[in-house]
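File shown here: start-v9.cif, holding mmCIF, C-alpha atoms.
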```
data_input
#
loop_
_atom_site.label_atom_id
_atom_site.label_comp_id
_atom_site.auth_asym_id
_atom_site.auth_seq_id
_atom_site.Cartn_x
_atom_site.Cartn_y
_atom_site.Cartn_z
CA MET V 1 0.00 0.00 0.00
CA LEU V 2 2.77 2.41 0.97
CA GLU V 3 4.72 1.28 -2.07
CA GLY V 4 1.79 2.22 -4.33
CA LEU V 5 1.43 5.59 -2.64
CA VAL V 6 5.12 6.35 -3.06
CA THR V 7 5.02 5.34 -6.72
CA LYS V 8 2.04 7.65 -7.29
CA LEU V 9 3.89 10.43 -5.47
CA ALA V 10 6.85 10.04 -7.81
CA ASP V 11 4.58 10.61 -10.81
CA THR V 12 3.12 13.88 -9.57
CA PRO V 13 4.22 17.07 -11.34
CA TRP V 14 5.36 18.40 -7.94
CA SER V 15 7.82 15.57 -7.50
CA ILE V 16 9.17 15.88 -11.02
CA ALA V 17 9.49 19.67 -10.73
CA LEU V 18 11.44 19.41 -7.46
CA HIS V 19 13.63 16.65 -8.80
CA GLU V 20 14.49 18.45 -12.00
CA SER V 21 14.79 22.02 -10.74
CA LEU V 22 18.26 23.51 -10.76
CA TYR V 23 18.05 25.45 -7.50
CA MET V 24 14.93 24.40 -5.61
CA TYR V 25 16.34 21.05 -4.45
CA ALA V 26 19.61 22.64 -3.30
CA ILE V 27 17.79 25.48 -1.51
CA THR V 28 15.50 22.98 0.22
CA GLU V 29 18.39 20.78 1.32
CA SER V 30 20.41 23.77 2.60
CA THR V 31 17.40 25.06 4.53
CA HIS V 32 17.05 21.56 6.01
CA VAL V 33 20.63 21.81 7.30
CA LEU V 34 20.11 25.33 8.72
CA SER V 35 16.96 24.07 10.46
CA ILE V 36 19.03 21.28 12.08
CA MET V 37 21.16 24.00 13.72
CA LEU V 38 18.00 25.51 15.20
CA PHE V 39 16.21 22.28 16.12
CA VAL V 40 18.93 19.89 17.30
CA GLY V 41 21.01 22.79 18.61
CA SER V 42 18.25 24.12 20.83
CA ILE V 43 17.05 20.70 22.01
CA ALA V 44 20.67 19.80 22.85
CA MET V 45 20.95 22.87 25.10
CA VAL V 46 17.72 21.86 26.88
CA ASP V 47 19.02 18.29 27.23
CA LEU V 48 22.31 19.53 28.72
CA ARG V 49 20.24 21.39 31.33
CA LEU V 50 18.11 18.29 31.99
CA LEU V 51 21.32 16.29 32.44
CA GLY V 52 22.29 18.81 35.10
CA ILE V 53 25.69 19.53 33.58
CA SER V 54 25.10 23.01 32.09
CA TYR V 55 22.95 26.13 32.57
CA THR V 56 22.26 24.91 36.11
CA ARG V 57 21.30 28.44 37.25
CA VAL V 58 18.47 28.54 34.73
CA PRO V 59 15.21 27.09 36.12
CA VAL V 60 14.15 23.95 34.21
CA SER V 61 10.67 25.44 33.78
CA GLN V 62 12.11 28.52 32.08
CA MET V 63 14.33 26.42 29.84
CA LEU V 64 11.26 24.50 28.67
CA SER V 65 8.96 27.48 28.26
CA ARG V 66 11.43 29.89 26.61
CA ILE V 67 13.61 27.60 24.49
CA LEU V 68 11.29 24.78 23.38
CA PRO V 69 9.12 27.13 21.22
CA TRP V 70 12.26 27.67 19.11
CA THR V 71 12.81 23.93 19.00
CA ILE V 72 9.24 23.45 17.73
CA ALA V 73 9.77 26.16 15.08
CA GLY V 74 12.90 24.33 13.94
CA PHE V 75 10.99 21.05 13.85
CA ALA V 76 8.26 22.58 11.70
CA MET V 77 10.89 23.79 9.21
CA LEU V 78 12.51 20.35 9.20
CA VAL V 79 9.19 18.60 8.53
CA ILE V 80 8.38 20.98 5.65
CA THR V 81 11.81 20.82 4.00
CA GLY V 82 12.15 17.10 4.81
CA SER V 83 8.80 16.32 3.17
CA MET V 84 9.89 18.29 0.11
CA LEU V 85 13.16 16.31 -0.07
CA PHE V 86 11.18 13.06 0.19
CA LEU V 87 8.75 14.26 -2.48
CA ALA V 88 11.65 14.99 -4.82
CA ILE V 89 13.00 11.42 -4.61
CA PRO V 90 10.16 9.29 -3.18
CA ILE V 91 10.84 5.73 -4.35
CA ARG V 92 14.57 5.60 -3.62
CA THR V 93 14.13 7.30 -0.23
CA TYR V 94 11.26 4.98 0.73
CA HIS V 95 13.51 1.95 0.17
CA SER V 96 16.58 3.51 1.83
CA ILE V 97 17.65 1.59 4.93
CA TRP V 98 19.06 4.87 6.35
CA PHE V 99 15.75 6.64 5.83
CA ARG V 100 13.97 3.78 7.60
CA LEU V 101 16.43 3.85 10.49
CA LYS V 102 16.05 7.64 10.66
CA CYS V 103 12.26 7.29 10.94
CA LEU V 104 12.72 4.69 13.70
CA MET V 105 14.98 7.09 15.63
CA ILE V 106 12.45 9.92 15.22
CA LEU V 107 9.79 7.55 16.59
CA ILE V 108 11.98 6.70 19.61
CA ALA V 109 12.66 10.41 20.19
CA ALA V 110 8.91 11.14 19.95
CA VAL V 111 7.99 8.45 22.51
CA ASN V 112 10.75 9.85 24.75
CA ILE V 113 9.25 13.36 24.45
CA ALA V 114 5.80 11.96 25.33
CA VAL V 115 7.19 10.21 28.42
CA PHE V 116 9.01 13.38 29.44
CA THR V 117 5.96 15.62 28.93
CA PHE V 118 3.34 13.40 30.56
CA LYS V 119 5.41 11.76 33.29
CA VAL V 120 8.90 13.10 34.00
CA GLU V 121 8.35 16.86 34.01
CA ARG V 122 5.10 16.68 36.02
CA ASP V 123 6.85 17.38 39.33
CA LYS V 124 9.50 19.71 37.90
CA ALA V 125 8.59 22.40 40.43
CA ALA V 126 10.40 20.25 43.00
CA TRP V 127 13.67 20.24 40.99
CA ASP V 128 13.38 23.52 39.07
CA LEU V 129 16.73 24.72 40.42
CA GLY V 130 17.88 21.82 42.58
CA PRO V 131 19.69 18.66 41.50
CA VAL V 132 17.93 17.00 38.55
CA PRO V 133 16.40 13.54 39.19
CA LYS V 134 17.66 10.44 37.44
CA LYS V 135 14.53 10.16 35.26
CA SER V 136 15.29 13.58 33.76
CA LYS V 137 18.87 12.55 33.00
CA ILE V 138 17.72 9.35 31.30
CA CYS V 139 15.25 11.24 29.07
CA ALA V 140 17.91 13.81 28.16
CA ALA V 141 20.47 11.12 27.29
CA ILE V 142 17.95 9.26 25.10
CA SER V 143 17.02 12.54 23.38
CA LEU V 144 20.65 13.51 22.64
CA SER V 145 21.51 10.05 21.30
CA ALA V 146 18.35 9.70 19.22
CA TRP V 147 18.68 13.10 17.52
CA ALA V 148 22.39 12.53 16.87
CA CYS V 149 21.45 9.26 15.11
CA VAL V 150 18.76 11.09 13.13
CA ILE V 151 21.41 13.53 11.82
CA VAL V 152 23.89 10.77 10.93
CA PHE V 153 21.33 8.45 9.30
CA GLY V 154 19.84 11.41 7.45
CA ARG V 155 23.24 12.28 6.01
CA LEU V 156 23.84 8.68 4.96
CA ILE V 157 20.65 8.57 2.83
CA ALA V 158 22.75 10.28 0.16
CA TYR V 159 25.02 7.22 -0.18
CA ASN V 160 24.01 4.37 -2.46
CA TRP V 161 25.68 1.41 -0.71
CA PHE V 162 22.35 -0.28 0.01
CA ASP V 163 20.24 0.92 -2.90
CA CYS V 164 17.83 -1.67 -4.32
CA ASP V 165 20.14 -2.55 -7.24
CA SER V 166 22.96 -3.59 -4.89
CA ILE V 167 20.92 -5.69 -2.46
CA THR V 168 21.69 -9.41 -2.50
CA SER V 169 20.72 -10.75 0.93
CA PRO V 170 17.12 -11.74 1.75
CA THR V 171 17.36 -9.98 5.13
CA MET V 172 18.29 -6.65 3.53
CA ALA V 173 15.59 -7.13 0.89
CA GLU V 174 13.11 -7.59 3.74
CA LEU V 175 14.37 -4.52 5.64
CA THR V 176 14.42 -2.23 2.61
CA GLY V 177 11.30 -3.60 0.91
CA CYS V 178 13.40 -4.07 -2.23
CA PRO V 179 12.63 -6.87 -4.69
CA LEU V 180 15.32 -9.54 -4.52
CA ASP V 181 16.89 -10.06 -7.94
CA PRO V 182 15.70 -13.56 -9.04
CA GLY V 183 18.75 -13.97 -11.30
CA MET A 184 54.32 27.03 -6.34
CA THR A 185 50.79 28.17 -7.08
CA LEU A 186 47.77 27.50 -4.90
CA TYR A 187 46.51 25.06 -7.50
CA HIS A 188 49.75 23.05 -7.27
CA THR A 189 49.43 23.01 -3.49
CA ALA A 190 45.91 21.63 -3.91
CA GLN A 191 47.27 18.90 -6.21
CA ASN A 192 49.98 18.00 -3.71
CA ILE A 193 47.51 17.78 -0.84
CA GLU A 194 45.24 15.62 -2.98
CA ALA A 195 48.15 13.24 -3.64
CA SER A 196 49.05 13.02 0.08
CA ALA A 197 48.64 9.75 1.95
CA LEU A 198 45.94 11.16 4.24
CA GLY A 199 44.00 12.62 1.33
CA GLN A 200 44.18 9.33 -0.51
CA THR A 201 43.15 7.29 2.52
CA ILE A 202 40.02 9.37 3.11
CA ARG A 203 39.12 9.46 -0.58
CA GLU A 204 39.50 5.73 -1.12
CA SER A 205 37.72 4.58 2.03
CA THR A 206 34.00 3.86 1.78
CA TRP A 207 33.14 4.90 5.32
CA LEU A 208 35.69 7.56 6.25
CA PHE A 209 34.30 10.50 4.26
CA PRO A 210 30.66 9.93 5.36
CA ALA A 211 31.78 9.44 8.98
CA ILE A 212 33.78 12.69 9.01
CA GLU A 213 30.94 14.46 7.20
CA SER A 214 28.42 13.26 9.81
CA THR A 215 30.64 14.45 12.66
CA HIS A 216 30.92 17.81 10.87
CA LEU A 217 27.10 18.04 10.85
CA LEU A 218 26.77 17.03 14.53
CA ALA A 219 29.27 19.74 15.50
CA LEU A 220 27.33 22.24 13.37
CA ALA A 221 24.17 21.51 15.36
CA LEU A 222 26.07 22.04 18.63
CA LEU A 223 27.46 25.34 17.35
CA GLY A 224 23.97 26.48 16.35
CA GLY A 225 22.49 25.67 19.75
CA SER A 226 25.27 27.21 21.84
CA ILE A 227 25.27 30.49 19.90
CA LEU A 228 21.48 30.61 19.73
CA ILE A 229 20.86 30.25 23.47
CA VAL A 230 23.07 33.29 24.20
CA SER A 231 21.78 35.27 21.20
CA LEU A 232 18.10 34.76 22.04
CA SER A 233 18.68 36.09 25.54
CA ILE A 234 20.40 39.21 24.14
CA LEU A 235 17.58 39.78 21.65
CA GLY A 236 14.98 39.36 24.42
CA TRP A 237 13.38 36.34 22.72
CA GLY A 238 14.78 33.59 24.91
CA LEU A 239 15.84 32.96 28.48
CA LYS A 240 15.56 35.81 30.98
CA THR A 241 18.91 34.78 32.49
CA PRO A 242 21.60 37.38 31.63
CA ALA A 243 23.55 36.43 28.49
CA ALA A 244 26.87 36.69 30.37
CA GLU A 245 25.66 33.96 32.76
CA LEU A 246 24.54 31.68 29.90
CA TYR A 247 27.85 32.34 28.16
CA LYS A 248 29.71 30.58 31.00
CA SER A 249 28.18 27.28 29.94
CA ALA A 250 27.59 28.02 26.25
CA HIS A 251 31.08 29.17 25.25
CA ARG A 252 32.54 25.73 26.08
CA TYR A 253 30.17 24.13 23.57
CA THR A 254 30.83 26.85 21.00
CA ASN A 255 34.59 26.28 21.34
CA ALA A 256 34.27 22.49 21.23
CA ALA A 257 32.03 22.75 18.16
CA VAL A 258 34.38 25.15 16.36
CA ILE A 259 37.38 22.90 17.04
CA ALA A 260 35.50 19.79 15.87
CA LEU A 261 34.24 21.65 12.78
CA LEU A 262 37.74 22.87 11.88
CA ILE A 263 39.33 19.42 12.31
CA THR A 264 36.62 17.54 10.38
CA GLY A 265 36.44 20.35 7.82
CA VAL A 266 40.19 20.20 7.15
CA LEU A 267 40.00 16.39 6.81
CA LEU A 268 37.13 16.68 4.30
CA GLY A 269 39.08 19.34 2.40
CA ILE A 270 42.28 17.28 2.30
CA SER A 271 40.43 14.48 0.51
CA GLU A 272 39.34 16.61 -2.45
CA PRO A 273 41.24 19.93 -2.58
CA VAL A 274 41.42 20.15 -6.38
CA LYS A 275 37.63 19.95 -6.64
CA LEU A 276 37.23 22.55 -3.88
CA TYR A 277 39.74 24.88 -5.56
CA GLY A 278 37.42 25.19 -8.52
CA ARG A 279 34.20 25.63 -6.58
CA GLU A 280 32.89 29.13 -5.97
CA ALA A 281 30.81 27.94 -3.00
CA PHE A 282 34.00 26.79 -1.25
CA TRP A 283 35.60 30.22 -1.48
CA VAL A 284 32.35 31.90 -0.39
CA LYS A 285 32.38 29.54 2.59
CA MET A 286 36.02 30.28 3.49
CA ILE A 287 35.46 34.05 3.36
CA SER A 288 32.26 33.88 5.41
CA LEU A 289 34.00 31.48 7.84
CA ALA A 290 36.81 34.00 8.40
CA ILE A 291 34.21 36.73 9.00
CA ALA A 292 32.13 34.50 11.32
CA LEU A 293 35.16 33.49 13.40
CA MET A 294 36.39 37.09 13.74
CA VAL A 295 32.96 38.49 14.59
CA THR A 296 32.36 35.70 17.14
CA TYR A 297 35.71 35.76 18.90
CA PHE A 298 36.76 39.42 18.59
CA VAL A 299 33.39 41.18 18.88
CA PHE A 300 30.44 39.02 19.99
CA ASN A 301 32.12 36.99 22.77
CA PRO A 302 33.94 39.96 24.40
CA LEU A 303 30.68 41.99 24.41
CA VAL A 304 28.69 39.12 25.94
CA ARG A 305 31.37 38.44 28.57
CA ARG A 306 31.28 42.10 29.62
CA GLY A 307 27.49 41.94 29.91
CA ALA A 308 27.11 44.74 27.36
CA SER A 309 23.62 45.58 26.09
CA GLY A 310 21.93 47.96 23.69
CA ALA A 311 21.09 48.23 20.03
CA SER A 312 24.68 47.79 18.84
CA VAL A 313 25.06 44.51 20.77
CA ARG A 314 21.79 43.28 19.27
CA GLY A 315 23.13 44.26 15.85
CA VAL A 316 26.34 42.30 16.43
CA THR A 317 24.24 39.32 17.56
CA VAL A 318 22.19 39.32 14.37
CA LEU A 319 25.38 39.69 12.32
CA THR A 320 27.01 36.74 14.14
CA ILE A 321 24.03 34.46 13.48
CA ALA A 322 23.82 35.60 9.85
CA ALA A 323 27.54 34.94 9.32
CA TRP A 324 27.32 31.37 10.66
CA LEU A 325 24.16 30.64 8.63
CA MET A 326 26.04 31.85 5.55
CA VAL A 327 28.91 29.48 6.36
CA ALA A 328 26.51 26.54 6.75
CA MET A 329 24.56 27.43 3.58
CA ALA A 330 27.69 27.86 1.45
CA GLY A 331 29.10 24.65 2.93
CA ARG A 332 26.06 22.64 1.88
CA TRP A 333 26.20 24.34 -1.50
CA ILE A 334 29.70 22.96 -2.20
CA GLY A 335 28.03 19.61 -2.78
CA PHE A 336 25.67 21.02 -5.41
CA SER A 337 27.82 23.42 -7.43
#
```
How would this structure read if it were set down as structure tokens?
Amino acid sequence: MLEGLVTKLADTPWSIALHESLYMYAITESTHVLSIMLFVGSIAMVDLRLLGISYTRVPVSQMLSRILPWTIAGFAMLVITGSMLFLAIPIRTYHSIWFRLKCLMILIAAVNIAVFTFKVERDKAAWDLGPVPKKSKICAAISLSAWACVIVFGRLIAYNWFDCDSITSPTMAELTGCPLDPG
Amino acid sequence: MTLYHTAQNIEASALGQTIRESTWLFPAIESTHLLALALLGGSILIVSLSILGWGLKTPAAELYKSAHRYTNAAVIALLITGVLLGISEPVKLYGREAFWVKMISLAIALMVTYFVFNPLVRRGASGASVRGVTVLTIAAWLMVAMAGRWIGFS
């Protein structure tokens, strides 16, 4: 079903225009990188506070209320430019093992954010300026690692080591959704 | 010896060859370069937002005490990984306009950050001129990042 959707996407004039444009793809990709500076950069600063190793004189509540809006703005830009990059090369990206791993990491980071928002930060008034609890440190460490993986896997999508035409093992064919060459 | 010859010599060096011929080395260095870029963005942003009045209410000079360590670490990591990437393909870079735009904006960004922005923040200076320097610093680094990404397209 997804495969069909992606194939249809590749045939849209939008996809073809993005793919063939001289500057639009490059502008989109560069904006994606600038948005990483805003998004991962700002969330990393929040995570360093939640780890209790930096900005310890800034109340946790203020860090969340004054910095996270910038993080969300960066995320919105990443989703927009990221969707455009996917739209430009839908079929290859859909089958990319790095893209799939990147999505998995984003999912892990999202669950982590949900746990932090609905459980961990509930009693933050008690540790707004005091020593941070272990649960906060764990969430921050997961966040830092997950977003770092998202950056690395995202960068590796550009490399063709595991493109469909070079896949020979059944396991990789399964993981990438690529057809295994019968010959 | 011209600059072009120097580029050719660097390209022929053992280190240049090793990075160029390895499958994983270039992508690994490139990824580290990107991770350091994110750290640089965050550490400069947290101080800048406070100066501009759009971020933390904590004085920028106080934030700087934590932030400048990350800025320095990021700049060092970016320079090391950047030089390694450059060593692997200097002849290509020599001919790319985006590379020279990046080098010029990098020189400007480094000078503005270390000779103007940082000293002002450390002193706890405020006012329209400090806000102007802040905007200039961010713009310079964004230009470096943009031109850097553009090297791959030109």
- Tell me, as a ChimeraX atom specification, which residues lie within 9 Å of V:Ile89, counting all atoms listed in the file; anything in the same chain fewer than 3 positions away does not count. /V:10,15-16,18-19,84-86,92-94
- Message: Could you work out which residues of chain A fall inside 8 Å of chain V? Count all atoms listed in the file, and format the result as a PyMOL selection string.
- Response: chain A and resi 210+214-215+217-218+220-226+228-229+237-239+241+246+249+325+328-329+332-333+336
Residues within 8 Å of V:Ala140, please, as a JSON list (two decimals) with C-alpha atoms, in the coordinates of the input. Count all atoms listed in the file; anything in the same chain fewer than 2 positions from it doesn't count.
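Writing the result to part_3.json gives the following:
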```
[["chain", "number", "residue", "atom", "x", "y", "z"],
["V", 47, "ASP", "CA", 19.02, 18.29, 27.23],
["V", 48, "LEU", "CA", 22.31, 19.53, 28.72],
["V", 50, "LEU", "CA", 18.11, 18.29, 31.99],
["V", 51, "LEU", "CA", 21.32, 16.29, 32.44],
["V", 136, "SER", "CA", 15.29, 13.58, 33.76],
["V", 137, "LYS", "CA", 18.87, 12.55, 33.00],
["V", 138, "ILE", "CA", 17.72, 9.35, 31.30],
["V", 142, "ILE", "CA", 17.95, 9.26, 25.10],
["V", 143, "SER", "CA", 17.02, 12.54, 23.38],
["V", 144, "LEU", "CA", 20.65, 13.51, 22.64]]
```
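Here the PyMOL selection byres ((chain A and resi 271) around 7) captures the residues A:Glu194, A:Gly199, A:Gln200, A:Ile202, A:Arg203, A:Leu267, A:Leu268, A:Gly269, A:Ile270, A:Glu272, A:Pro273.
Atom to atom, atom CA of V:Pro133 and atom CA of V:Ala146 stand 20.4 Å apart.
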- List the neighbours of stretch 278-284 of chain A out to 8 Å using all atoms listed in the file; skip same-chain residues closer than 6 positions along the sequence, and give me the result as a PyMOL selection string. chain A and resi 327+330-331+333-334+337
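Note that the spacing between atom CA of V:Leu87 and atom CA of V:Leu5 amounts to 11.3 Å.
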- Task: Check which residues satisfy the PyMOL selection byres ((chain A and resi 242-244) around 8) in the file shown, then give them as a ChimeraX atom specification.
- Result: /A:230-231,233-234,239-241,245-248,304-307
- Message: I'd like the residues picked by the PyMOL selection byres ((chain A and resi 317) around 8) written out as a PyMOL selection string, using the chain letters and numbers from the file.
- Response: chain A and resi 231+234-235+300+313-316+318-321
Restricting it to C-alpha atoms, dump the selection as a PDB file, in the frame of the given file.
```pdb
ATOM      1  CA  SER A 231      21.780  35.270  21.200  1.00  0.00           C
ATOM      2  CA  ILE A 234      20.400  39.210  24.140  1.00  0.00           C
ATOM      3  CA  LEU A 235      17.580  39.780  21.650  1.00  0.00           C
ATOM      4  CA  PHE A 300      30.440  39.020  19.990  1.00  0.00           C
ATOM      5  CA  VAL A 313      25.060  44.510  20.770  1.00  0.00           C
ATOM      6  CA  ARG A 314      21.790  43.280  19.270  1.00  0.00           C
ATOM      7  CA  GLY A 315      23.130  44.260  15.850  1.00  0.00           C
ATOM      8  CA  VAL A 316      26.340  42.300  16.430  1.00  0.00           C
ATOM      9  CA  VAL A 318      22.190  39.320  14.370  1.00  0.00           C
ATOM     10  CA  LEU A 319      25.380  39.690  12.320  1.00  0.00           C
ATOM     11  CA  THR A 320      27.010  36.740  14.140  1.00  0.00           C
ATOM     12  CA  ILE A 321      24.030  34.460  13.480  1.00  0.00           C
TER      13      ILE A 321
END
```
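Between atom CA of A:Thr264 and atom CA of A:Leu198 there is a distance of 12.9 Å.
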Emit as JSON the padded axis-aligned box for all listed atoms of stretch 132-137 of chain V, 5 Å per side, with centre and edge lengths in Å to one decimal.
```
{"center_x": 16.7, "center_y": 13.6, "center_z": 36.1, "size_x": 14.3, "size_y": 16.8, "size_z": 16.2}
```
With N, CA and C atoms as the target, complete stretch 225-253 of chain A and hand it back as a compact mmCIF listing (two decimals), in the coordinates of the input.
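Result written to result_2.txt:
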```
# COMPACT_ATOMS: atom_id res chain seq x y z
N GLY A 225 23.17 25.60 18.46
CA GLY A 225 22.49 25.67 19.75
C GLY A 225 23.19 26.57 20.75
N SER A 226 24.53 26.45 20.82
CA SER A 226 25.27 27.21 21.84
C SER A 226 25.29 28.70 21.53
N ILE A 227 25.30 29.06 20.25
CA ILE A 227 25.27 30.49 19.90
C ILE A 227 23.85 31.03 20.05
N LEU A 228 22.88 30.18 19.69
CA LEU A 228 21.48 30.61 19.73
C LEU A 228 21.01 30.92 21.14
N ILE A 229 21.38 30.08 22.10
CA ILE A 229 20.86 30.25 23.47
C ILE A 229 21.33 31.58 24.06
N VAL A 230 22.56 31.99 23.75
CA VAL A 230 23.07 33.29 24.20
C VAL A 230 22.42 34.43 23.40
N SER A 231 22.33 34.23 22.08
CA SER A 231 21.78 35.27 21.20
C SER A 231 20.33 35.59 21.53
N LEU A 232 19.52 34.54 21.75
CA LEU A 232 18.10 34.76 22.04
C LEU A 232 17.92 35.59 23.30
N SER A 233 18.77 35.33 24.29
CA SER A 233 18.68 36.09 25.54
C SER A 233 19.01 37.57 25.30
N ILE A 234 20.02 37.83 24.46
CA ILE A 234 20.40 39.21 24.14
C ILE A 234 19.27 39.93 23.39
N LEU A 235 18.64 39.18 22.47
CA LEU A 235 17.58 39.78 21.65
C LEU A 235 16.26 39.90 22.41
N GLY A 236 16.21 39.29 23.62
CA GLY A 236 14.98 39.36 24.42
C GLY A 236 13.93 38.34 24.01
N TRP A 237 14.34 37.35 23.21
CA TRP A 237 13.38 36.34 22.72
C TRP A 237 13.57 34.98 23.36
N GLY A 238 14.49 34.90 24.33
CA GLY A 238 14.78 33.59 24.91
C GLY A 238 14.74 33.62 26.42
N LEU A 239 15.77 33.04 27.03
CA LEU A 239 15.84 32.96 28.48
C LEU A 239 16.00 34.35 29.08
N LYS A 240 15.44 34.51 30.31
CA LYS A 240 15.56 35.81 30.98
C LYS A 240 16.89 35.91 31.73
N THR A 241 17.59 34.79 31.85
CA THR A 241 18.91 34.78 32.49
C THR A 241 19.85 35.69 31.68
N PRO A 242 20.67 36.52 32.37
CA PRO A 242 21.60 37.38 31.63
C PRO A 242 22.51 36.57 30.69
N ALA A 243 22.76 37.13 29.50
CA ALA A 243 23.55 36.43 28.49
C ALA A 243 24.94 36.06 29.02
N ALA A 244 25.52 36.95 29.85
CA ALA A 244 26.87 36.69 30.37
C ALA A 244 26.89 35.42 31.23
N GLU A 245 25.78 35.16 31.94
CA GLU A 245 25.66 33.96 32.76
C GLU A 245 25.54 32.71 31.87
N LEU A 246 24.72 32.80 30.83
CA LEU A 246 24.54 31.68 29.90
C LEU A 246 25.85 31.37 29.18
N TYR A 247 26.58 32.46 28.88
CA TYR A 247 27.85 32.34 28.16
C TYR A 247 28.82 31.41 28.87
N LYS A 248 28.78 31.42 30.23
CA LYS A 248 29.71 30.58 31.00
C LYS A 248 29.59 29.12 30.63
N SER A 249 28.36 28.66 30.40
CA SER A 249 28.18 27.28 29.94
C SER A 249 28.33 27.18 28.43
N ALA A 250 27.70 28.13 27.72
CA ALA A 250 27.59 28.02 26.25
C ALA A 250 28.93 28.10 25.54
N HIS A 251 29.86 28.94 26.04
CA HIS A 251 31.08 29.17 25.25
C HIS A 251 31.93 27.90 25.16
N ARG A 252 31.79 27.00 26.16
CA ARG A 252 32.54 25.73 26.08
C ARG A 252 32.04 24.91 24.89
N TYR A 253 30.73 24.90 24.69
CA TYR A 253 30.17 24.13 23.57
C TYR A 253 30.50 24.79 22.24
```
